[in-house]
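Before any comments, here is the structure.
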Amino acid sequence: MNIGIRMHDMAAGTIEERALLAKQQGFTCVHLAMSKTISPAYMDPAAATPGLAKHLNEMLHGVDVAVLGCYLNLAHPDEQEYQKILKKYVAHLQLCRWMGAGVVGTETGNPNAAYRYDPVASHTEAALSLFIDRLHPVVEAAEKIGATMAIEPVYTHIVSDGKRARKVLDAIHSPNLKIIFDPVNLLHPDNVMRRDAVIDEAIDLLGDEIAVVHMKDYHATPDALVACAPGLGEMNYDAVLRYCMEHKPYVQMTLEDTKPDNAEQARLFLEERAEALR
């Protein structure tokens with residue numbers, strides 16, 4: 001495994017300062033969301049140039065970008081707003097190609113302008129069809145550019161589980177569409193009592209297409225799962241770690257919801273857990 005970290009979870013500083021700290025803490029890769037790490041202005045499609053890609057790579061000092069984040073709502077109900085969003089995805093795919101980054105990552109949105117989970121509308125077949133229709137042009141652009149798009153299933157979004165993610169993969173049927181696998185994002189108070197079955201099903205259905213893994217932990221409450229750094233909550237990582245060690249050599253695995261004072265310990269926790277499973 002190549003364990004990395006979200007840059008926006010690190011102590012405030014420039015990309016160069018954060019990259020150097022990531023190396024010092026033993027991380028080999030990062031999840032880079034430019035709007036959260038640099039400025040929202042960098043989401044403007046006009047900002048994506050080979051020059052920006054070169055500059056970012058120089059500032060990263062050899063730390064790989066596992067995921068270039070573009071977490072926008074492809075299911076936005078307004079067509080004009082969707083066209084603006086589509087241009088941002090295409091620009092991120094171009095930047096990804098120029099940088100030599102792993103994937104452009106996205107979650108799958110909700111069928112409303114607020115990007116708000118609707119327990120009824122978000123999980124309908126109509127919402128899933130809309131998302132697939134909206135994702136098609138993004139993946140077509142990825143194919144032309146020579147970059148990879150990756151979707152991240154989340155229970156409170158349209159693509160909420162392994163079955164719905166499999167439908168998306170089968171409908172678009174492109175080698176340029178992959179999965180970011182975040183097991184905790186598949187969980188919710190509605191299904192956390194079936195945690196292991198939910199995660200096992202997703203691995204069975206999506207395993208071949210998993211390009212990147214996100215790792216965080218959680219504390220369950222009756223109303224929500226509260227995210228935290230790996231090792232600080234209730235998550236059982238054994239199935240995910242075993243699968244990665246057996247089938248995903250050197251997969252990039254970025255930590256989420258860490259804090260500057262516990263990120264390195266979270267990495268060590270996962271490494272020690274993996275070693276115990278060998």
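Ligands are numbered from 1 in the order shown, chains are lettered A, B, ... in the order of the structure tokens, and residues start at 1 in each chain.
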I'd like the neighbourhood of Asp118 of chain A as a CSV table (one decimal) with all heavy atoms, in the first residue's frame, where a residue qualifies if any of its atoms comes within 12 Å (using only C-alpha atoms), though same-chain residues fewer than 3 positions away should be ignored.
```csv
chain,number,residue,atom,x,y,z
A,109,GLY,N,-23.3,13.2,-6.0
A,109,GLY,CA,-24.3,14.2,-5.9
A,109,GLY,C,-25.7,13.8,-5.5
A,109,GLY,O,-25.9,12.7,-5.1
A,110,ASN,N,-26.6,14.8,-5.5
A,110,ASN,CA,-28.0,14.6,-5.2
A,110,ASN,C,-28.8,15.4,-6.2
A,110,ASN,O,-28.3,16.4,-6.7
A,110,ASN,CB,-28.3,15.1,-3.8
A,110,ASN,CG,-27.8,14.0,-2.8
A,110,ASN,OD1,-28.3,12.9,-2.7
A,110,ASN,ND2,-26.9,14.4,-1.9
A,111,PRO,N,-30.0,15.0,-6.5
A,111,PRO,CA,-30.8,15.6,-7.6
A,111,PRO,C,-31.5,16.9,-7.1
A,111,PRO,O,-32.7,17.1,-7.3
A,111,PRO,CB,-31.8,14.5,-7.9
A,111,PRO,CG,-32.0,13.8,-6.7
A,111,PRO,CD,-30.7,13.8,-6.0
A,112,ASN,N,-30.7,17.8,-6.5
A,112,ASN,CA,-31.3,19.1,-6.2
A,112,ASN,C,-30.1,20.1,-6.1
A,112,ASN,O,-28.9,19.7,-6.1
A,112,ASN,CB,-32.0,19.0,-4.8
A,112,ASN,CG,-31.1,18.4,-3.7
A,112,ASN,OD1,-30.1,19.0,-3.3
A,112,ASN,ND2,-31.5,17.2,-3.2
A,113,ALA,N,-30.4,21.4,-6.2
A,113,ALA,CA,-29.4,22.4,-6.3
A,113,ALA,C,-28.6,22.5,-5.1
A,113,ALA,O,-27.5,23.0,-5.1
A,113,ALA,CB,-30.1,23.7,-6.7
A,114,ALA,N,-29.1,22.1,-3.9
A,114,ALA,CA,-28.5,22.3,-2.6
A,114,ALA,C,-27.5,21.2,-2.4
A,114,ALA,O,-26.8,21.2,-1.3
A,114,ALA,CB,-29.5,22.3,-1.5
A,115,TYR,N,-27.4,20.2,-3.2
A,115,TYR,CA,-26.5,19.0,-3.0
A,115,TYR,C,-26.9,18.4,-1.7
A,115,TYR,O,-26.0,18.1,-0.8
A,115,TYR,CB,-25.1,19.4,-3.0
A,115,TYR,CG,-24.1,18.3,-3.4
A,115,TYR,CD1,-23.0,18.5,-4.2
A,115,TYR,CD2,-24.2,17.0,-2.9
A,115,TYR,CE1,-22.1,17.6,-4.5
A,115,TYR,CE2,-23.3,16.0,-3.2
A,115,TYR,CZ,-22.2,16.3,-4.0
A,115,TYR,OH,-21.3,15.3,-4.3
A,121,ALA,N,-35.8,10.8,-3.0
A,121,ALA,CA,-35.4,11.2,-4.3
A,121,ALA,C,-34.0,10.8,-4.7
A,121,ALA,O,-33.7,10.4,-5.8
A,121,ALA,CB,-35.6,12.7,-4.6
A,122,SER,N,-33.1,10.8,-3.7
A,122,SER,CA,-31.7,10.5,-4.0
A,122,SER,C,-31.4,9.1,-4.5
A,122,SER,O,-30.5,8.8,-5.2
A,122,SER,CB,-30.8,10.9,-2.8
A,122,SER,OG,-30.8,12.3,-2.6
A,123,HIS,N,-32.2,8.2,-4.0
A,123,HIS,CA,-32.0,6.7,-4.2
A,123,HIS,C,-33.0,6.1,-5.3
A,123,HIS,O,-33.1,4.9,-5.4
A,123,HIS,CB,-32.1,6.0,-2.9
A,123,HIS,CG,-30.9,6.2,-2.0
A,123,HIS,ND1,-30.9,5.7,-0.7
A,123,HIS,CD2,-29.8,7.0,-2.2
A,123,HIS,CE1,-29.7,6.2,-0.1
A,123,HIS,NE2,-29.1,6.9,-1.0
A,124,THR,N,-33.6,7.0,-6.1
A,124,THR,CA,-34.5,6.5,-7.1
A,124,THR,C,-33.7,6.1,-8.3
A,124,THR,O,-32.6,6.5,-8.6
A,124,THR,CB,-35.5,7.6,-7.5
A,124,THR,OG1,-34.8,8.7,-8.0
A,124,THR,CG2,-36.4,8.0,-6.3
A,127,ALA,N,-33.0,9.2,-10.4
A,127,ALA,CA,-31.8,10.0,-10.1
A,127,ALA,C,-30.5,9.3,-10.6
A,127,ALA,O,-29.6,9.9,-11.1
A,127,ALA,CB,-31.7,10.1,-8.5
A,155,TYR,N,-23.4,6.6,0.8
A,155,TYR,CA,-24.8,6.3,1.1
A,155,TYR,C,-25.7,7.4,0.9
A,155,TYR,O,-26.9,7.2,0.5
A,155,TYR,CB,-24.9,5.8,2.6
A,155,TYR,CG,-26.3,5.3,2.9
A,155,TYR,CD1,-26.6,3.9,2.8
A,155,TYR,CD2,-27.2,6.1,3.4
A,155,TYR,CE1,-27.9,3.5,3.1
A,155,TYR,CE2,-28.5,5.7,3.7
A,155,TYR,CZ,-28.8,4.4,3.6
A,155,TYR,OH,-30.1,3.9,3.9
A,156,THR,N,-25.4,8.6,1.3
A,156,THR,CA,-26.3,9.8,1.2
A,156,THR,C,-26.2,10.5,-0.1
A,156,THR,O,-26.7,11.6,-0.2
A,156,THR,CB,-25.9,10.8,2.4
A,156,THR,OG1,-24.6,11.2,2.3
A,156,THR,CG2,-26.3,10.2,3.7
A,157,HIS,N,-25.7,9.9,-1.1
A,157,HIS,CA,-25.7,10.4,-2.5
A,157,HIS,C,-26.4,9.5,-3.4
A,157,HIS,O,-26.9,8.4,-3.0
A,157,HIS,CB,-24.2,10.6,-3.0
A,157,HIS,CG,-23.5,11.7,-2.2
A,157,HIS,ND1,-22.2,11.8,-2.2
A,157,HIS,CD2,-24.0,12.6,-1.3
A,157,HIS,CE1,-21.8,12.8,-1.4
A,157,HIS,NE2,-22.9,13.3,-0.8
A,158,ILE,N,-26.4,9.8,-4.7
A,158,ILE,CA,-27.2,9.0,-5.7
A,158,ILE,C,-26.6,7.6,-5.8
A,158,ILE,O,-27.3,6.6,-5.7
A,158,ILE,CB,-27.2,9.7,-7.0
A,158,ILE,CG1,-28.0,11.0,-7.0
A,158,ILE,CG2,-27.7,8.8,-8.1
A,158,ILE,CD1,-27.9,11.8,-8.2
A,160,SER,N,-25.2,5.0,-4.0
A,160,SER,CA,-25.2,4.9,-2.5
A,160,SER,C,-24.6,3.6,-2.0
A,160,SER,O,-24.4,3.4,-0.8
A,160,SER,CB,-26.6,5.0,-2.0
A,160,SER,OG,-27.5,4.1,-2.7
```
Per residue of segment 143-257 of chain A within 9 Å of segment 77-94 of chain A, record the nearest atom pair and its distance in Å to one decimal, counting only C-alpha atoms, with rows in chain order and ascending residue number, as CSV.
```
residue,atom,partner,partner_atom,distance
A:Ile145,CA,A:Gln94,CA,6.4
A:Gly146,CA,A:Leu93,CA,8.4
A:Ala147,CA,A:Leu93,CA,5.9
A:Thr148,CA,A:Leu93,CA,7.4
A:Met149,CA,A:Leu93,CA,7.6
```
Write a file of the just-selected residues containing C-alpha atoms, as a PDB file, in the first residue's frame.
```pdb
ATOM      1  CA  ILE A 145      -7.646  13.267 -22.963  1.00  0.00           C
ATOM      2  CA  GLY A 146      -6.123  10.023 -21.727  1.00  0.00           C
ATOM      3  CA  ALA A 147      -7.079  10.537 -18.077  1.00  0.00           C
ATOM      4  CA  THR A 148      -9.136   8.544 -15.579  1.00  0.00           C
ATOM      5  CA  MET A 149     -12.361   9.564 -13.868  1.00  0.00           C
TER       6      MET A 149
END
```
Determine which residues of segment 6-236 of chain A receive a DSSP assignment of strand (DSSP E), computed from the backbone, and state them as a VMD selection string. chain A and resid 6 29 to 32 64 to 69 103 to 106 149 to 151 177 to 181 210 to 215 217 to 220 225 to 228
Pick from A:Val198, A:Val104, A:Ala211, A:Ala75 nearest to Val251 of chain A, counting only C-alpha atoms: A:Ala211
Determine, for each residue of segment 51-101 of chain A having at least one atom at most 12 Å from an atom of segment 10-25 of chain A, the closest pair of atoms and their separation in Å to one decimal, counting only C-alpha atoms; order by chain and ascending number, as a tab-separated table.
```
residue	atom	partner	partner_atom	distance
A:His55	CA	A:Glu16	CA	10.3
A:Leu56	CA	A:Ile15	CA	7.9
A:Asn57	CA	A:Glu16	CA	9.5
A:Glu58	CA	A:Glu16	CA	8.2
A:Met59	CA	A:Glu16	CA	4.5
A:Leu60	CA	A:Ala19	CA	5.2
A:His61	CA	A:Ala19	CA	6.8
A:Gly62	CA	A:Ala19	CA	8.6
A:Val63	CA	A:Ala19	CA	6.6
A:Asp64	CA	A:Ala19	CA	9.5
A:Val65	CA	A:Ala19	CA	10.3
```
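Comparing A:Val168, A:Cys70, A:Leu270, A:Ile199 by their smallest distance to Asp44 of chain A, the closest is A:Cys70 (using only C-alpha atoms).
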Might you pull out every residue within 10 Å of Pro230 of chain A, with only C-alpha atoms counted and same-chain residues fewer than 4 positions away left off, and present them as a short mmCIF file (atom, residue, chain, number, x, y, z; two decimals) with N, CA and C atoms, in the first residue's frame?
```cif
data_model
loop_
_atom_site.label_atom_id
_atom_site.label_comp_id
_atom_site.auth_asym_id
_atom_site.auth_seq_id
_atom_site.Cartn_x
_atom_site.Cartn_y
_atom_site.Cartn_z
N MET A 215 -9.49 6.02 3.51
CA MET A 215 -9.61 5.40 4.82
C MET A 215 -9.90 6.44 5.89
N LYS A 216 -10.99 6.24 6.60
CA LYS A 216 -11.30 7.01 7.79
C LYS A 216 -11.98 6.09 8.78
N ASP A 217 -12.36 6.62 9.94
CA ASP A 217 -13.03 5.84 10.97
C ASP A 217 -14.33 6.55 11.30
N TYR A 218 -15.08 6.01 12.25
CA TYR A 218 -16.35 6.64 12.61
C TYR A 218 -16.77 6.25 14.02
N GLU A 234 -14.81 2.97 15.46
CA GLU A 234 -15.38 1.63 15.54
C GLU A 234 -15.16 0.78 14.29
N MET A 235 -14.48 1.31 13.29
CA MET A 235 -14.33 0.62 12.01
C MET A 235 -13.46 -0.62 12.13
N ASN A 236 -13.87 -1.69 11.44
CA ASN A 236 -13.06 -2.90 11.29
C ASN A 236 -12.47 -2.88 9.87
N TYR A 237 -11.16 -2.73 9.77
CA TYR A 237 -10.50 -2.58 8.47
C TYR A 237 -10.04 -3.89 7.86
N LEU A 255 -5.71 8.86 3.65
CA LEU A 255 -6.43 9.02 4.90
C LEU A 255 -7.35 10.23 4.84
N GLU A 256 -8.47 10.15 5.56
CA GLU A 256 -9.40 11.25 5.64
C GLU A 256 -9.76 11.53 7.09
N ASP A 257 -10.17 12.78 7.33
CA ASP A 257 -10.63 13.22 8.65
C ASP A 257 -9.58 13.06 9.72
N THR A 258 -8.32 13.15 9.32
CA THR A 258 -7.24 13.25 10.30
C THR A 258 -7.08 14.70 10.72
N ASN A 262 -2.73 13.90 14.68
CA ASN A 262 -2.95 12.45 14.72
C ASN A 262 -2.76 11.75 13.37
N ALA A 263 -2.38 12.50 12.34
CA ALA A 263 -2.27 11.91 11.01
C ALA A 263 -1.20 10.82 10.95
N GLN A 265 0.04 9.02 13.36
CA GLN A 265 -0.37 7.87 14.15
C GLN A 265 -1.43 7.06 13.41
N ALA A 266 -2.29 7.72 12.65
CA ALA A 266 -3.30 6.99 11.87
C ALA A 266 -2.63 6.13 10.80
N ARG A 267 -1.60 6.68 10.16
CA ARG A 267 -0.84 5.88 9.18
C ARG A 267 -0.21 4.67 9.84
N LEU A 268 0.42 4.87 10.97
CA LEU A 268 1.08 3.77 11.67
C LEU A 268 0.06 2.71 12.11
N PHE A 269 -1.11 3.16 12.52
CA PHE A 269 -2.16 2.22 12.93
C PHE A 269 -2.52 1.29 11.78
N LEU A 270 -2.73 1.85 10.58
CA LEU A 270 -3.10 1.01 9.44
C LEU A 270 -1.96 0.08 9.03
#
```
Considering only C-alpha atoms, can you say which of A:Met253, A:Asp190, A:Lys259, A:His247 comes closest to Asp223 of chain A?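 Smallest separation from Asp223 of chain A among the options: A:Asp190.
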Residue neighbourhood His219 of chain A, 10 Å, only C-alpha atoms, exclusion window fewer than 4 positions, as JSON, numbers by chain: {"A": [224, 225, 226, 227, 228, 232, 233, 234, 235]}
File of the preceding selection, all heavy atoms, as a compact mmCIF listing (two decimals), in the first residue's frame:
```txt
# COMPACT_ATOMS: atom_id res chain seq x y z
N ALA A 224 -26.38 9.74 13.03
CA ALA A 224 -25.31 9.96 12.06
C ALA A 224 -24.08 9.14 12.43
O ALA A 224 -23.96 8.66 13.56
CB ALA A 224 -24.94 11.45 12.02
N LEU A 225 -23.19 9.00 11.46
CA LEU A 225 -21.87 8.48 11.73
C LEU A 225 -20.91 9.65 11.74
O LEU A 225 -20.83 10.40 10.76
CB LEU A 225 -21.45 7.46 10.66
CG LEU A 225 -22.33 6.23 10.48
CD1 LEU A 225 -21.67 5.24 9.53
CD2 LEU A 225 -22.63 5.56 11.81
N VAL A 226 -20.21 9.84 12.82
CA VAL A 226 -19.29 10.97 12.97
C VAL A 226 -17.90 10.49 12.57
O VAL A 226 -17.33 9.59 13.19
CB VAL A 226 -19.30 11.50 14.41
CG1 VAL A 226 -18.35 12.68 14.54
CG2 VAL A 226 -20.72 11.89 14.82
N ALA A 227 -17.34 11.10 11.53
CA ALA A 227 -16.06 10.66 10.98
C ALA A 227 -14.90 11.10 11.87
O ALA A 227 -14.94 12.15 12.50
CB ALA A 227 -15.87 11.21 9.58
N CYS A 228 -13.84 10.28 11.86
CA CYS A 228 -12.61 10.60 12.60
C CYS A 228 -11.46 9.87 11.94
O CYS A 228 -11.65 9.12 10.97
CB CYS A 228 -12.74 10.21 14.08
SG CYS A 228 -13.12 8.47 14.37
N LEU A 232 -9.37 5.60 15.61
CA LEU A 232 -9.98 6.32 16.72
C LEU A 232 -11.46 6.01 16.89
O LEU A 232 -12.12 6.61 17.73
CB LEU A 232 -9.80 7.84 16.53
CG LEU A 232 -8.36 8.34 16.49
CD1 LEU A 232 -8.35 9.87 16.35
CD2 LEU A 232 -7.59 7.93 17.74
N GLY A 233 -11.98 5.08 16.10
CA GLY A 233 -13.41 4.81 16.16
C GLY A 233 -13.73 3.33 16.16
O GLY A 233 -13.00 2.53 16.75
N GLU A 234 -14.81 2.97 15.46
CA GLU A 234 -15.38 1.63 15.54
C GLU A 234 -15.16 0.78 14.29
O GLU A 234 -15.59 -0.37 14.24
CB GLU A 234 -16.90 1.76 15.78
CG GLU A 234 -17.24 2.55 17.03
CD GLU A 234 -18.70 2.97 17.07
OE1 GLU A 234 -19.56 2.20 16.56
OE2 GLU A 234 -19.00 4.06 17.59
N MET A 235 -14.48 1.31 13.29
CA MET A 235 -14.33 0.62 12.01
C MET A 235 -13.46 -0.62 12.13
O MET A 235 -12.44 -0.63 12.83
CB MET A 235 -13.73 1.59 10.98
CG MET A 235 -13.50 0.99 9.62
SD MET A 235 -15.04 0.49 8.84
CE MET A 235 -14.40 -0.19 7.31
```
Within 7 Å of segment 129-132 of chain A, counting only C-alpha atoms, which residues qualify if same-chain residues fewer than 3 places away don't, as number ranges by chain? A: 74-75, 125-126, 135-136, 168
Write to file, as a PDB file, in the first residue's frame, the residues of the selection just made, with N, CA and C atoms.
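Final file, selection.pdb:
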```pdb
ATOM      1  N   LEU A  74     -22.886  16.670 -10.258  1.00  0.00           N
ATOM      2  CA  LEU A  74     -23.234  16.385 -11.646  1.00  0.00           C
ATOM      3  C   LEU A  74     -24.738  16.241 -11.855  1.00  0.00           C
ATOM      4  N   ALA A  75     -25.481  15.993 -10.801  1.00  0.00           N
ATOM      5  CA  ALA A  75     -26.931  15.843 -10.913  1.00  0.00           C
ATOM      6  C   ALA A  75     -27.683  17.146 -10.655  1.00  0.00           C
ATOM      7  N   GLU A 125     -34.397   5.293  -9.180  1.00  0.00           N
ATOM      8  CA  GLU A 125     -33.802   4.937 -10.471  1.00  0.00           C
ATOM      9  C   GLU A 125     -33.716   6.170 -11.373  1.00  0.00           C
ATOM     10  N   ALA A 126     -34.652   7.104 -11.219  1.00  0.00           N
ATOM     11  CA  ALA A 126     -34.606   8.325 -12.025  1.00  0.00           C
ATOM     12  C   ALA A 126     -33.350   9.133 -11.713  1.00  0.00           C
ATOM     13  N   LEU A 135     -22.768  11.833 -16.363  1.00  0.00           N
ATOM     14  CA  LEU A 135     -21.386  11.365 -16.270  1.00  0.00           C
ATOM     15  C   LEU A 135     -20.819  10.965 -17.630  1.00  0.00           C
ATOM     16  N   HIS A 136     -21.678  10.535 -18.539  1.00  0.00           N
ATOM     17  CA  HIS A 136     -21.210  10.077 -19.854  1.00  0.00           C
ATOM     18  C   HIS A 136     -20.270  11.069 -20.538  1.00  0.00           C
ATOM     19  N   VAL A 168     -23.619   1.878 -12.688  1.00  0.00           N
ATOM     20  CA  VAL A 168     -22.956   2.992 -13.388  1.00  0.00           C
ATOM     21  C   VAL A 168     -21.805   2.468 -14.238  1.00  0.00           C
TER      22      VAL A 168
END
```
Could you find all residues in segment 22-145 of chain A that DSSP calls helix (DSSP H, G or I) from the backbone, and write them as JSON, numbers by chain? {"A": [22, 23, 24, 34, 35, 36, 37, 40, 41, 42, 43, 45, 46, 47, 50, 51, 52, 53, 54, 55, 56, 57, 58, 59, 60, 79, 80, 81, 82, 83, 84, 85, 86, 87, 88, 89, 90, 91, 92, 93, 94, 95, 96, 97, 98, 99, 121, 122, 123, 125, 126, 127, 128, 129, 130, 131, 132, 133, 134, 135, 136, 137, 138, 139, 140, 141, 142, 143, 144, 145]}
Residue with smallest distance to Asp196 of chain A - pool A:Ala41, A:Ile172, A:Ala239, A:Ala101, counting only C-alpha atoms: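 Once distances to Asp196 of chain A are computed over only C-alpha atoms, the minimum belongs to A:Ala239.
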Residue with the minimum atom-to-atom distance to Ala48 of chain A, picked from A:Cys96, A:Met7, A:Ala66, A:Ala171 with only C-alpha atoms counted, is A:Cys96
